[in-house]
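Asker: One file: structure.cif (mmCIF, C-alpha atoms and all ligand atoms).
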```cif
data_start
loop_
_atom_site.group_PDB
_atom_site.id
_atom_site.type_symbol
_atom_site.label_atom_id
_atom_site.label_comp_id
_atom_site.auth_asym_id
_atom_site.auth_seq_id
_atom_site.Cartn_x
_atom_site.Cartn_y
_atom_site.Cartn_z
ATOM 1 C CA MET A 1 -6.654 2.494 11.817
ATOM 2 C CA LYS A 2 -10.260 1.348 11.664
ATOM 3 C CA TRP A 3 -12.360 1.966 8.558
ATOM 4 C CA LEU A 4 -16.104 1.278 8.582
ATOM 5 C CA VAL A 5 -17.443 0.128 5.193
ATOM 6 C CA LEU A 6 -21.170 0.647 4.512
ATOM 7 C CA SER A 7 -23.498 0.480 1.512
ATOM 8 C CA ASP A 8 -27.145 0.439 0.424
ATOM 9 C CA CYS A 9 -28.594 2.151 3.476
ATOM 10 C CA HIS A 10 -31.890 2.976 1.750
ATOM 11 C CA ALA A 11 -33.083 5.605 4.215
ATOM 12 C CA ASN A 12 -32.782 3.296 7.201
ATOM 13 C CA VAL A 13 -31.537 5.416 10.076
ATOM 14 C CA ASP A 14 -32.379 2.656 12.587
ATOM 15 C CA ALA A 15 -29.731 0.440 11.004
ATOM 16 C CA LEU A 16 -27.184 3.279 11.000
ATOM 17 C CA ARG A 17 -27.721 3.902 14.696
ATOM 18 C CA ALA A 18 -27.411 0.170 15.489
ATOM 19 C CA VAL A 19 -24.083 -0.009 13.636
ATOM 20 C CA TRP A 20 -22.837 3.195 15.229
ATOM 21 C CA GLN A 21 -23.488 1.879 18.739
ATOM 22 C CA ARG A 22 -20.773 -0.687 18.017
ATOM 23 C CA GLU A 23 -18.425 1.078 15.608
ATOM 24 C CA SER A 24 -18.333 4.790 16.481
ATOM 25 C CA ASP A 25 -14.608 4.490 17.266
ATOM 26 C CA CYS A 26 -13.828 4.156 13.532
ATOM 27 C CA ASP A 27 -11.440 6.633 11.896
ATOM 28 C CA ARG A 28 -13.252 6.766 8.551
ATOM 29 C CA VAL A 29 -16.627 5.790 7.097
ATOM 30 C CA LEU A 30 -16.715 4.531 3.489
ATOM 31 C CA PHE A 31 -20.170 4.497 1.888
ATOM 32 C CA ALA A 32 -20.765 2.822 -1.491
ATOM 33 C CA GLY A 33 -24.095 4.388 -2.464
ATOM 34 C CA ASP A 34 -27.898 4.177 -2.212
ATOM 35 C CA MET A 35 -28.227 6.455 0.802
ATOM 36 C CA VAL A 36 -31.929 7.103 0.145
ATOM 37 C CA ASP A 37 -35.047 5.671 -1.560
ATOM 38 C CA PHE A 38 -37.000 2.574 -0.491
ATOM 39 C CA GLY A 39 -36.851 3.486 3.195
ATOM 40 C CA PHE A 40 -38.906 5.546 5.617
ATOM 41 C CA ASP A 41 -36.377 8.073 6.984
ATOM 42 C CA PRO A 42 -34.444 9.728 4.137
ATOM 43 C CA ARG A 43 -34.102 13.070 5.933
ATOM 44 C CA ALA A 44 -32.667 11.629 9.165
ATOM 45 C CA THR A 45 -30.431 9.335 7.102
ATOM 46 C CA VAL A 46 -28.930 12.101 4.974
ATOM 47 C CA GLU A 47 -28.416 14.243 8.091
ATOM 48 C CA TRP A 48 -26.679 11.305 9.826
ATOM 49 C CA PHE A 49 -24.175 11.111 6.948
ATOM 50 C CA MET A 50 -23.825 14.915 6.758
ATOM 51 C CA ALA A 51 -22.879 14.986 10.445
ATOM 52 C CA LEU A 52 -19.861 12.741 9.748
ATOM 53 C CA GLY A 53 -18.139 15.657 7.992
ATOM 54 C CA ASP A 54 -14.601 14.871 6.821
ATOM 55 C CA LYS A 55 -14.800 11.377 8.287
ATOM 56 C CA LEU A 56 -17.077 10.324 5.405
ATOM 57 C CA ILE A 57 -15.997 9.182 1.925
ATOM 58 C CA ALA A 58 -19.086 8.373 -0.158
ATOM 59 C CA VAL A 59 -20.383 7.816 -3.667
ATOM 60 C CA ARG A 60 -23.925 8.025 -4.999
ATOM 61 C CA GLY A 61 -26.013 5.007 -5.966
ATOM 62 C CA ASN A 62 -28.619 4.482 -8.652
ATOM 63 C CA HIS A 63 -31.401 5.199 -6.148
ATOM 64 C CA ASP A 64 -29.769 8.472 -5.036
ATOM 65 C CA GLU A 65 -29.521 9.314 -8.727
ATOM 66 C CA ALA A 66 -33.209 8.552 -9.322
ATOM 67 C CA ILE A 67 -34.272 10.769 -6.414
ATOM 68 C CA LEU A 68 -32.032 13.614 -7.636
ATOM 69 C CA THR A 69 -33.398 13.307 -11.167
ATOM 70 C CA HIS A 70 -36.995 13.917 -10.067
ATOM 71 C CA ARG A 71 -36.387 16.388 -7.243
ATOM 72 C CA ASN A 72 -37.872 19.314 -9.175
ATOM 73 C CA ASP A 73 -41.040 17.515 -10.258
ATOM 74 C CA PRO A 74 -44.281 19.214 -9.164
ATOM 75 C CA PRO A 75 -45.194 18.382 -5.554
ATOM 76 C CA PHE A 76 -47.760 15.615 -5.085
ATOM 77 C CA PRO A 77 -50.939 16.245 -3.103
ATOM 78 C CA GLY A 78 -51.891 14.484 0.131
ATOM 79 C CA THR A 79 -50.432 11.358 1.753
ATOM 80 C CA PRO A 80 -47.346 9.893 0.055
ATOM 81 C CA ARG A 81 -48.326 6.890 -2.056
ATOM 82 C CA ASN A 82 -44.902 5.273 -2.007
ATOM 83 C CA PHE A 83 -41.274 5.560 -0.844
ATOM 84 C CA GLN A 84 -40.388 8.055 -3.568
ATOM 85 C CA GLU A 85 -43.128 10.526 -2.660
ATOM 86 C CA MET A 86 -42.190 10.107 1.009
ATOM 87 C CA THR A 87 -38.599 10.969 0.105
ATOM 88 C CA TYR A 88 -39.571 14.144 -1.746
ATOM 89 C CA ALA A 89 -41.799 15.138 1.186
ATOM 90 C CA GLN A 90 -38.879 14.906 3.632
ATOM 91 C CA LEU A 91 -35.842 16.243 1.752
ATOM 92 C CA ALA A 92 -34.999 19.954 1.597
ATOM 93 C CA PRO A 93 -32.573 21.748 -0.767
ATOM 94 C CA ALA A 94 -29.619 21.199 1.614
ATOM 95 C CA HIS A 95 -30.182 17.419 1.531
ATOM 96 C CA TYR A 96 -30.391 17.370 -2.267
ATOM 97 C CA ALA A 97 -27.210 19.478 -2.457
ATOM 98 C CA PHE A 98 -25.410 16.943 -0.278
ATOM 99 C CA LEU A 99 -26.565 14.032 -2.477
ATOM 100 C CA ALA A 100 -25.735 15.939 -5.666
ATOM 101 C CA ALA A 101 -22.157 16.503 -4.450
ATOM 102 C CA LEU A 102 -21.529 12.751 -4.159
ATOM 103 C CA PRO A 103 -19.448 11.451 -7.085
ATOM 104 C CA HIS A 104 -20.397 8.331 -9.036
ATOM 105 C CA GLU A 105 -16.976 6.877 -8.292
ATOM 106 C CA THR A 106 -13.924 7.900 -6.286
ATOM 107 C CA THR A 107 -10.306 6.959 -5.735
ATOM 108 C CA PHE A 108 -8.450 7.637 -2.509
ATOM 109 C CA THR A 109 -5.581 6.381 -0.380
ATOM 110 C CA LEU A 110 -5.800 5.581 3.327
ATOM 111 C CA GLY A 111 -2.615 4.441 5.035
ATOM 112 C CA ASP A 112 -1.022 1.703 2.936
ATOM 113 C CA THR A 113 -4.123 1.097 0.799
ATOM 114 C CA ASP A 114 -5.395 2.550 -2.488
ATOM 115 C CA PHE A 115 -9.169 2.391 -2.819
ATOM 116 C CA TYR A 116 -11.482 2.522 -5.786
ATOM 117 C CA MET A 117 -15.122 2.884 -4.718
ATOM 118 C CA CYS A 118 -18.309 2.944 -6.766
ATOM 119 C CA HIS A 119 -21.912 1.800 -6.393
ATOM 120 C CA THR A 120 -21.883 -0.089 -9.634
ATOM 121 C CA THR A 121 -20.047 0.586 -12.850
ATOM 122 C CA ASP A 122 -19.604 -0.457 -16.473
ATOM 123 C CA GLU A 123 -16.776 -2.709 -15.294
ATOM 124 C CA LEU A 124 -19.356 -4.756 -13.397
ATOM 125 C CA SER A 125 -22.365 -5.965 -15.353
ATOM 126 C CA ASP A 126 -25.611 -6.671 -13.526
ATOM 127 C CA ASP A 127 -24.749 -10.371 -13.823
ATOM 128 C CA ASP A 128 -21.319 -9.768 -12.259
ATOM 129 C CA MET A 129 -22.997 -8.167 -9.270
ATOM 130 C CA TYR A 130 -24.613 -11.445 -8.306
ATOM 131 C CA LEU A 131 -21.284 -12.888 -7.338
ATOM 132 C CA GLU A 132 -22.605 -16.126 -5.958
ATOM 133 C CA ARG A 133 -23.489 -17.076 -9.548
ATOM 134 C CA GLN A 134 -20.665 -15.382 -11.407
ATOM 135 C CA LEU A 135 -17.481 -15.514 -9.375
ATOM 136 C CA PRO A 136 -15.904 -18.548 -11.111
ATOM 137 C CA ALA A 137 -16.097 -16.690 -14.422
ATOM 138 C CA MET A 138 -15.048 -13.318 -13.063
ATOM 139 C CA GLN A 139 -11.470 -14.144 -12.069
ATOM 140 C CA THR A 140 -11.012 -11.543 -9.389
ATOM 141 C CA ARG A 141 -7.320 -11.159 -10.122
ATOM 142 C CA ALA A 142 -8.126 -10.201 -13.725
ATOM 143 C CA LEU A 143 -10.587 -7.600 -12.446
ATOM 144 C CA PHE A 144 -7.730 -5.811 -10.678
ATOM 145 C CA ASN A 145 -5.112 -6.261 -13.391
ATOM 146 C CA GLU A 146 -7.278 -5.605 -16.454
ATOM 147 C CA ARG A 147 -10.821 -4.318 -16.075
ATOM 148 C CA PHE A 148 -10.154 -2.039 -13.069
ATOM 149 C CA ALA A 149 -6.448 -1.334 -13.691
ATOM 150 C CA ALA A 150 -6.992 2.225 -14.945
ATOM 151 C CA LYS A 151 -9.168 3.108 -11.957
ATOM 152 C CA PHE A 152 -6.286 3.200 -9.490
ATOM 153 C CA PRO A 153 -3.570 5.869 -9.168
ATOM 154 C CA THR A 154 -0.369 5.187 -11.104
ATOM 155 C CA ALA A 155 1.869 5.415 -8.048
ATOM 156 C CA ARG A 156 0.472 2.477 -6.200
ATOM 157 C CA ALA A 157 0.237 1.798 -2.493
ATOM 158 C CA PRO A 158 1.142 -1.691 -1.273
ATOM 159 C CA LYS A 159 -2.538 -2.676 -1.081
ATOM 160 C CA ARG A 160 -5.526 -2.166 -3.348
ATOM 161 C CA VAL A 161 -9.195 -2.466 -2.435
ATOM 162 C CA ILE A 162 -12.291 -2.181 -4.624
ATOM 163 C CA VAL A 163 -15.425 -1.256 -2.666
ATOM 164 C CA TYR A 164 -18.821 -1.486 -4.338
ATOM 165 C CA GLY A 165 -22.474 -2.126 -3.499
ATOM 166 C CA HIS A 166 -25.762 -2.473 -5.407
ATOM 167 C CA SER A 167 -26.397 -6.231 -5.139
ATOM 168 C CA HIS A 168 -27.087 -6.076 -1.378
ATOM 169 C CA LEU A 169 -25.008 -9.253 -1.075
ATOM 170 C CA GLN A 170 -22.189 -9.140 1.462
ATOM 171 C CA TRP A 171 -19.090 -10.484 -0.237
ATOM 172 C CA ALA A 172 -15.322 -10.316 0.210
ATOM 173 C CA ALA A 173 -13.027 -11.686 -2.491
ATOM 174 C CA SER A 174 -9.232 -11.854 -2.443
ATOM 175 C CA ALA A 175 -7.199 -11.357 -5.614
ATOM 176 C CA GLY A 176 -3.869 -12.187 -4.020
ATOM 177 C CA PRO A 177 -1.710 -10.440 -1.427
ATOM 178 C CA GLY A 178 -3.017 -6.986 -0.590
ATOM 179 C CA GLN A 179 -5.831 -7.018 -3.172
ATOM 180 C CA MET A 180 -9.430 -7.299 -2.060
ATOM 181 C CA MET A 181 -12.841 -6.705 -3.570
ATOM 182 C CA LEU A 182 -15.480 -5.856 -0.977
ATOM 183 C CA ASN A 183 -19.250 -5.496 -1.012
ATOM 184 C CA PRO A 184 -20.269 -4.726 2.582
ATOM 185 C CA GLY A 185 -23.862 -5.773 1.825
ATOM 186 C CA SER A 186 -26.944 -3.719 2.613
ATOM 187 C CA LEU A 187 -27.589 -1.914 5.875
ATOM 188 C CA SER A 188 -31.298 -2.237 5.238
ATOM 189 C CA TYR A 189 -32.507 -5.351 3.425
ATOM 190 C CA ARG A 190 -31.698 -8.184 1.098
ATOM 191 C CA PHE A 191 -33.928 -9.240 -1.774
ATOM 192 C CA GLY A 192 -36.215 -11.950 -0.395
ATOM 193 C CA SER A 193 -35.115 -15.027 -2.284
ATOM 194 C CA PHE A 194 -31.462 -14.532 -1.414
ATOM 195 C CA GLU A 195 -31.534 -13.822 2.273
ATOM 196 C CA PRO A 196 -34.537 -13.721 4.575
ATOM 197 C CA VAL A 197 -32.582 -12.519 7.623
ATOM 198 C CA ARG A 198 -33.388 -8.931 8.594
ATOM 199 C CA CYS A 199 -30.237 -7.337 9.934
ATOM 200 C CA ALA A 200 -27.730 -4.679 8.885
ATOM 201 C CA ASP A 201 -24.708 -6.076 7.027
ATOM 202 C CA TYR A 202 -21.459 -4.081 6.955
ATOM 203 C CA MET A 203 -17.704 -4.504 7.097
ATOM 204 C CA VAL A 204 -14.773 -3.218 9.118
ATOM 205 C CA LEU A 205 -11.234 -2.894 7.779
ATOM 206 C CA GLU A 206 -8.809 -2.700 10.645
ATOM 207 C CA ASN A 207 -5.030 -2.966 10.422
ATOM 208 C CA GLY A 208 -5.262 -4.775 7.084
ATOM 209 C CA ALA A 209 -7.868 -7.326 8.153
ATOM 210 C CA VAL A 210 -11.432 -7.357 6.852
ATOM 211 C CA SER A 211 -14.267 -8.319 9.154
ATOM 212 C CA LEU A 212 -17.772 -9.188 7.878
ATOM 213 C CA ARG A 213 -20.248 -7.947 10.473
ATOM 214 C CA HIS A 214 -23.987 -7.917 11.133
ATOM 215 C CA VAL A 215 -26.165 -6.147 13.665
ATOM 216 C CA ASP A 216 -29.833 -6.635 14.367
ATOM 217 C CA PHE A 217 -32.186 -3.665 14.522
ATOM 218 C CA ALA A 218 -35.873 -3.405 15.420
ATOM 219 C CA THR A 219 -38.129 -3.505 12.347
ATOM 220 C CA ASP A 220 -41.629 -3.773 13.853
ATOM 221 C CA HIS A 221 -42.247 -0.021 13.678
ATOM 222 C CA LEU A 222 -40.996 0.060 10.072
ATOM 223 C CA TYR A 223 -43.267 -2.846 9.137
ATOM 224 C CA ALA A 224 -46.201 -0.975 10.689
ATOM 225 C CA ARG A 225 -45.468 2.179 8.688
ATOM 226 C CA ALA A 226 -46.197 0.288 5.455
ATOM 227 C CA ALA A 227 -49.874 0.899 6.265
ATOM 228 C CA ASP A 228 -49.238 4.634 5.678
ATOM 229 C CA PHE A 229 -48.846 4.135 1.916
ATOM 230 C CA ALA A 230 -51.865 4.659 -0.300
ATOM 231 C CA ASP A 231 -50.359 2.438 -3.014
ATOM 232 C CA PRO A 232 -50.848 -1.280 -2.154
ATOM 233 C CA GLU A 233 -47.745 -2.322 -4.133
ATOM 234 C CA ALA A 234 -45.598 0.103 -2.117
ATOM 235 C CA ALA A 235 -47.096 -1.250 1.108
ATOM 236 C CA ARG A 236 -46.386 -4.828 -0.014
ATOM 237 C CA LEU A 237 -42.748 -3.956 -0.752
ATOM 238 C CA ALA A 238 -42.312 -2.229 2.603
ATOM 239 C CA ARG A 239 -43.689 -5.255 4.443
ATOM 240 C CA ALA A 240 -41.367 -7.545 2.478
ATOM 241 C CA PHE A 241 -38.353 -5.407 3.468
ATOM 242 C CA TYR A 242 -39.137 -5.250 7.174
ATOM 243 C CA ARG A 243 -40.959 -8.471 8.039
ATOM 244 C CA ARG A 244 -39.381 -10.526 10.788
ATOM 245 C CA GLU A 245 -39.757 -13.929 9.194
ATOM 246 C CA ASP A 246 -39.636 -15.121 5.616
ATOM 247 C CA VAL A 247 -43.144 -15.626 4.251
HETATM 248 MN MN MN B 301 -29.420 -0.576 -3.313
#
```
So, in terms of structure tokens, how does the structure I just supplied come out?
Ligand SMILES: [Mn+2]
Answerer:
Amino acid sequence: MKWLVLSDCHANVDALRAVWQRESDCDRVLFAGDMVDFGFDPRATVEWFMALGDKLIAVRGNHDEAILTHRNDPPFPGTPRNFQEMTYAQLAPAHYAFLAALPHETTFTLGDTDFYMCHTTDELSDDDMYLERQLPAMQTRALFNERFAAKFPTARAPKRVIVYGHSHLQWAASAGPGQMMLNPGSLSYRFGSFEPVRCADYMVLENGAVSLRHVDFATDHLYARAADFADPEAARLARAFYRREDV
């Protein structure tokens, strides 16, 4: 069985299509949140996930939450100033209903593995999320046995996996036999100081083995669309996300 693990798509349907060209033979798609916001194609992105049907297991992220919170605000006039206004301009009630049905966290079993999946949670502080700084203090084994113990079903499968997102940092940590903690990284972008490379990060779990994968996708047309924003700060952010070289 092949399970595709994705997170932090941020309305980037180009990245989804690039991944799918390689991985469409997967049996399940796990998505750890932030489907929309801070990207140019929220409508096409949500519809891409909707089309997966029962193949998809997903949770909502803080950016999905923010978009849902303001979905009934009065419509803005004219050209969208930023990513948020662009999102409201594209999404219809059916898209909001799909996002609103996503849980904040979920537990499920696939084959011999129990999963707990969230975007981020009280069990992980913002400092914990930046694992490259915090891992020595985190003690991954203690995360499974203490902080996350109640998250899993009582009748346990032989293996346990925690899937999360939010930091945009691709990271796999082992907590002993059959226990893994996975952040597939972001499909769309990393925050500049951490990782200048522009590619889609994701993971594949296949027959018990985890594979950290990356696929390039064209960003020139996304970079160019930054000029559409009336707000200079939004345009600056968009260019930072989609530039080809670190500047
Ligand atoms: Mn995110």
Asker: Ligand MN 301 (chain B): which residues are within 12 Å, counting all atoms listed in the file, as a count of residues only?
Answerer: 41
Asker: Find, counting only C-alpha atoms, the residue in A:Asp14, A:Asp114, A:Asp220, A:Asp231 that gets nearest to Lys151 in chain A.
Answerer: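 The shortest atom-to-atom distance to Lys151 in chain A comes from A:Asp114.
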Asker: On this file, the PyMOL selection byres (((chain A and resi 96-108) around 6) and not hetatm) gives some set of residues; write that set as a PyMOL selection string.
Answerer: chain A and resi 59-60+93-95+109+114-118
Asker: Quick one: apply the PyMOL selection byres (((chain A and resi 203-210) around 12) and not hetatm) to the file and drop the selected residues here as a PyMOL selection string.
Answerer: chain A and resi 1-7+19-20+22-32+110-113+158-161+163-165+169-174+177-187+200-202+211-215
Asker: Please determine an axis-aligned box that encloses all atoms of range 234-241 of chain A listed in the file, with 5 Å added on each side, and express its centre and edge lengths in Å to one decimal as JSON.
Answerer:
```
{"center_x": -42.7, "center_y": -3.7, "center_z": 1.2, "size_x": 18.7, "size_y": 17.6, "size_z": 16.6}
```
Asker: Taking all atoms listed in the file into account, name the residue in A:Met50, A:Thr140, A:Phe217, A:Phe76 that is nearest to Leu16 in chain A.
Answerer: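 Between A:Met50, A:Thr140, A:Phe217, A:Phe76, the residue approaching Leu16 in chain A most closely is A:Phe217.
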Asker: Using only C-alpha atoms for the distances, tell me which of A:Ala51, A:Leu237, A:Leu143, A:Cys199 is nearest to Ile162 in chain A.
Answerer: A:Leu143
Asker: Spell out the residues picked by the PyMOL selection byres (((chain A and resi 81) around 12) and not hetatm) here, as a PyMOL selection string.
Answerer: chain A and resi 76-80+82-89+226-235+238
Asker: For those residues, write C-alpha atoms to a file as a JSON list (two decimals), in the coordinates of the input.
Answerer:
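Listed below is the output, again.json:
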```
[["chain", "number", "residue", "atom", "x", "y", "z"],
["A", 76, "PHE", "CA", -47.76, 15.62, -5.08],
["A", 77, "PRO", "CA", -50.94, 16.24, -3.10],
["A", 78, "GLY", "CA", -51.89, 14.48, 0.13],
["A", 79, "THR", "CA", -50.43, 11.36, 1.75],
["A", 80, "PRO", "CA", -47.35, 9.89, 0.06],
["A", 82, "ASN", "CA", -44.90, 5.27, -2.01],
["A", 83, "PHE", "CA", -41.27, 5.56, -0.84],
["A", 84, "GLN", "CA", -40.39, 8.06, -3.57],
["A", 85, "GLU", "CA", -43.13, 10.53, -2.66],
["A", 86, "MET", "CA", -42.19, 10.11, 1.01],
["A", 87, "THR", "CA", -38.60, 10.97, 0.10],
["A", 88, "TYR", "CA", -39.57, 14.14, -1.75],
["A", 89, "ALA", "CA", -41.80, 15.14, 1.19],
["A", 226, "ALA", "CA", -46.20, 0.29, 5.46],
["A", 227, "ALA", "CA", -49.87, 0.90, 6.26],
["A", 228, "ASP", "CA", -49.24, 4.63, 5.68],
["A", 229, "PHE", "CA", -48.85, 4.14, 1.92],
["A", 230, "ALA", "CA", -51.86, 4.66, -0.30],
["A", 231, "ASP", "CA", -50.36, 2.44, -3.01],
["A", 232, "PRO", "CA", -50.85, -1.28, -2.15],
["A", 233, "GLU", "CA", -47.74, -2.32, -4.13],
["A", 234, "ALA", "CA", -45.60, 0.10, -2.12],
["A", 235, "ALA", "CA", -47.10, -1.25, 1.11],
["A", 238, "ALA", "CA", -42.31, -2.23, 2.60]]
```
Asker: Using only C-alpha atoms, which of A:Asn145, A:Phe40, A:Thr69, A:Ala150 sits nearest Ala224 in chain A?
Answerer: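 With only C-alpha atoms as the atom set, the closest residue is A:Phe40.
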Asker: Could you jot down the CA of Leu52 in chain A to CA of Ile67 in chain A separation for me, Å, one decimal place?
Answerer: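 Value for the CA of Leu52 in chain A-CA of Ile67 in chain A distance: 21.7 Å.
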Asker: What does the structure give for the distance between CA of Leu68 in chain A and CA of Leu91 in chain A, in Å to one decimal?
Answerer: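 Computing the Euclidean distance for CA of Leu68 in chain A and CA of Leu91 in chain A yields 10.5 Å.
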Asker: Separation of CA of His70 in chain A and CA of Arg239 in chain A, in Å?
Answerer: 25.0 Å
Asker: Could you add N, CA and C atoms to range 61-79 of chain A and give me the result as a CSV table (one decimal), keeping the file's coordinate frame?
Answerer:
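What ended up in out_34.csv:
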```csv
chain,number,residue,atom,x,y,z
A,61,GLY,N,-25.5,6.2,-5.3
A,61,GLY,CA,-26.0,5.0,-6.0
A,61,GLY,C,-27.1,5.3,-7.0
A,62,ASN,N,-27.6,4.3,-7.6
A,62,ASN,CA,-28.6,4.5,-8.7
A,62,ASN,C,-29.9,5.0,-8.0
A,63,HIS,N,-30.2,4.7,-6.8
A,63,HIS,CA,-31.4,5.2,-6.1
A,63,HIS,C,-31.2,6.7,-5.7
A,64,ASP,N,-30.0,7.1,-5.3
A,64,ASP,CA,-29.8,8.5,-5.0
A,64,ASP,C,-29.9,9.3,-6.3
A,65,GLU,N,-29.4,8.7,-7.4
A,65,GLU,CA,-29.5,9.3,-8.7
A,65,GLU,C,-31.0,9.5,-9.1
A,66,ALA,N,-31.8,8.5,-8.9
A,66,ALA,CA,-33.2,8.6,-9.3
A,66,ALA,C,-33.9,9.6,-8.5
A,67,ILE,N,-33.6,9.7,-7.2
A,67,ILE,CA,-34.3,10.8,-6.4
A,67,ILE,C,-33.8,12.2,-6.9
A,68,LEU,N,-32.5,12.3,-7.2
A,68,LEU,CA,-32.0,13.6,-7.6
A,68,LEU,C,-32.7,14.0,-9.0
A,69,THR,N,-32.9,13.0,-9.8
A,69,THR,CA,-33.4,13.3,-11.2
A,69,THR,C,-34.8,13.9,-11.1
A,70,HIS,N,-35.6,13.5,-10.1
A,70,HIS,CA,-37.0,13.9,-10.1
A,70,HIS,C,-37.3,15.0,-9.0
A,71,ARG,N,-36.2,15.5,-8.4
A,71,ARG,CA,-36.4,16.4,-7.2
A,71,ARG,C,-37.1,17.7,-7.6
A,72,ASN,N,-37.2,18.1,-8.8
A,72,ASN,CA,-37.9,19.3,-9.2
A,72,ASN,C,-39.2,19.1,-9.8
A,73,ASP,N,-39.7,17.8,-9.8
A,73,ASP,CA,-41.0,17.5,-10.3
A,73,ASP,C,-42.1,18.3,-9.4
A,74,PRO,N,-43.2,18.5,-10.0
A,74,PRO,CA,-44.3,19.2,-9.2
A,74,PRO,C,-44.6,18.4,-7.9
A,75,PRO,N,-44.9,19.1,-6.8
A,75,PRO,CA,-45.2,18.4,-5.6
A,75,PRO,C,-46.5,17.6,-5.7
A,76,PHE,N,-46.6,16.5,-5.0
A,76,PHE,CA,-47.8,15.6,-5.1
A,76,PHE,C,-48.7,16.1,-4.0
A,77,PRO,N,-50.0,15.9,-4.2
A,77,PRO,CA,-50.9,16.2,-3.1
A,77,PRO,C,-51.2,15.1,-2.1
A,78,GLY,N,-51.4,15.5,-0.9
A,78,GLY,CA,-51.9,14.5,0.1
A,78,GLY,C,-50.8,13.5,0.6
A,79,THR,N,-51.3,12.4,1.1
A,79,THR,CA,-50.4,11.4,1.8
A,79,THR,C,-49.5,10.7,0.7
```
